[in-house]
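All remarks here apply to the structure that follows.
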Amino acid sequence: MTAELSAPRRWDPIVKLTHWGIVVAIILNAIVTEEGSGWHVRVGYGLAALLGLRLLWGIVGPHEARFTAFPPSPFRAIGHIREIGQGQVTHHRSHNPLGALMVYAIWACLAAIIASGIAMAGAPPSDPFAASHEEAEEHAVASPATSDDEDEDEREEEGGAGEEMMEEIHEIGVNLLYVLIALHLMGVVFETRRSGRQIVTAMLPWGNRRSR
């Protein structure tokens, strides 16, 4: 067994806050809120704020939370895979090389989901119980058409291709995110069993900040 640093891993409160806040936001918009509803959009903006905070913390936060502590390096990831094959264990104060790649992949996926969602929904509604985007479109179709409405319909048709592309990006991003989350959970379980480190405990809000 080898060790990159003798000090145990520590996650600070901001890392824990953003991690679990993002988890809650994903769960809410996946199984609780209605797609396109006011609450769905609001949760999406909350997710954007949490991701933005975590990215900022990657610049100004403590050593373990900074991007420099876990750079995305395919070469280091390949080396980590070799270590696994050889039965070697290197303890990292931040994410291991494979974990680092996963973190950046999840962040990139979240950024695409957020950007496409904002492009479709715009600013969050002041009324969280406002009608969904789909309901608003159905109402517009059902209303009697006027000359102004016809002009607006033409403009909507011109932007329809762009909105359809955003919807596709959003859907692909969400599905990819679920795959990445599943791989992330499997990686946490595998690394915990392989290295003996309490990875989950180190991230729990009420847990000891030190992991073995």
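Just remember, in the structure tokens the first chain shown is A, the second B, etc., residues are 1-based per chain, and ligands are 1-based in the order shown.
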TODO: Considering only C-alpha atoms, return as a PyMOL selection string whatever protein or nucleic-acid residues lie within 12 Å of Arg54 (chain A), sequence-local ones (same chain, fewer than 3 positions apart) excluded.
DONE: chain A and resi 12-22+47-51+57-62+65-67+103-104+107
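By only C-alpha atoms, and with residues fewer than 2 positions from Gly196 (chain A) along its chain excluded, the set lying at most 12 Å from it is Met1, Val89, Thr90, His91, Val188, Val189, Phe190, Glu191, Thr192, Arg193, Arg194, Gln198, Ile199, Val200, Thr201, Ser211 and Arg212 of chain A.
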I need the chosen residues saved as an mmCIF file, in the first residue's frame, with N, CA and C atoms.
data_model
loop_
_atom_site.group_PDB
_atom_site.id
_atom_site.type_symbol
_atom_site.label_atom_id
_atom_site.label_comp_id
_atom_site.auth_asym_id
_atom_site.auth_seq_id
_atom_site.Cartn_x
_atom_site.Cartn_y
_atom_site.Cartn_z
ATOM 1 N N MET A 1 0.834 -1.186 0.000
ATOM 2 C CA MET A 1 0.000 0.000 0.000
ATOM 3 C C MET A 1 0.872 1.240 0.000
ATOM 4 N N VAL A 89 -2.621 0.426 -3.571
ATOM 5 C CA VAL A 89 -3.588 1.420 -3.089
ATOM 6 C C VAL A 89 -2.861 2.714 -2.773
ATOM 7 N N THR A 90 -3.234 3.778 -3.467
ATOM 8 C CA THR A 90 -2.685 5.102 -3.202
ATOM 9 C C THR A 90 -3.786 5.967 -2.616
ATOM 10 N N HIS A 91 -3.554 6.509 -1.432
ATOM 11 C CA HIS A 91 -4.539 7.364 -0.795
ATOM 12 C C HIS A 91 -4.345 8.814 -1.251
ATOM 13 N N VAL A 188 -17.686 4.535 -6.132
ATOM 14 C CA VAL A 188 -17.541 4.806 -4.699
ATOM 15 C C VAL A 188 -17.557 3.496 -3.913
ATOM 16 N N VAL A 189 -18.493 2.614 -4.240
ATOM 17 C CA VAL A 189 -18.586 1.328 -3.550
ATOM 18 C C VAL A 189 -17.312 0.510 -3.786
ATOM 19 N N PHE A 190 -16.861 0.459 -5.040
ATOM 20 C CA PHE A 190 -15.668 -0.321 -5.368
ATOM 21 C C PHE A 190 -14.443 0.225 -4.650
ATOM 22 N N GLU A 191 -14.240 1.541 -4.688
ATOM 23 C CA GLU A 191 -13.052 2.131 -4.083
ATOM 24 C C GLU A 191 -13.083 2.010 -2.568
ATOM 25 N N THR A 192 -14.270 2.086 -1.974
ATOM 26 C CA THR A 192 -14.386 1.919 -0.528
ATOM 27 C C THR A 192 -13.971 0.515 -0.109
ATOM 28 N N ARG A 193 -14.449 -0.485 -0.850
ATOM 29 C CA ARG A 193 -14.097 -1.874 -0.539
ATOM 30 C C ARG A 193 -12.625 -2.154 -0.833
ATOM 31 N N ARG A 194 -12.095 -1.548 -1.895
ATOM 32 C CA ARG A 194 -10.714 -1.823 -2.306
ATOM 33 C C ARG A 194 -9.706 -1.157 -1.378
ATOM 34 N N GLN A 198 -13.267 5.355 4.200
ATOM 35 C CA GLN A 198 -14.678 5.677 4.377
ATOM 36 C C GLN A 198 -15.020 6.901 3.526
ATOM 37 N N ILE A 199 -15.187 6.669 2.226
ATOM 38 C CA ILE A 199 -15.403 7.760 1.280
ATOM 39 C C ILE A 199 -16.732 8.464 1.536
ATOM 40 N N VAL A 200 -17.773 7.684 1.783
ATOM 41 C CA VAL A 200 -19.097 8.279 2.008
ATOM 42 C C VAL A 200 -19.115 9.043 3.316
ATOM 43 N N THR A 201 -18.546 8.468 4.358
ATOM 44 C CA THR A 201 -18.527 9.131 5.664
ATOM 45 C C THR A 201 -17.849 10.494 5.587
ATOM 46 N N SER A 211 -11.304 10.806 7.135
ATOM 47 C CA SER A 211 -11.537 9.434 6.684
ATOM 48 C C SER A 211 -10.233 8.676 6.732
ATOM 49 N N ARG A 212 -10.312 7.379 6.862
ATOM 50 C CA ARG A 212 -9.077 6.602 7.014
ATOM 51 C C ARG A 212 -8.258 6.625 5.747
#
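Proximity of A:Val32, A:Ile118, A:Leu98, A:Val43 to His170 (chain A), computed with only C-alpha atoms, is greatest for A:Ile118.
When only C-alpha atoms are used to compute distances to Leu176 (chain A), the closest of the residues A:Leu101, A:Cys109, A:Ala119, A:Ala69 turns out to be A:Cys109.
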Task: Separation of CA of Ala100 (chain A) from CA of Pro71 (chain A) in Å - done: 6.8 Å
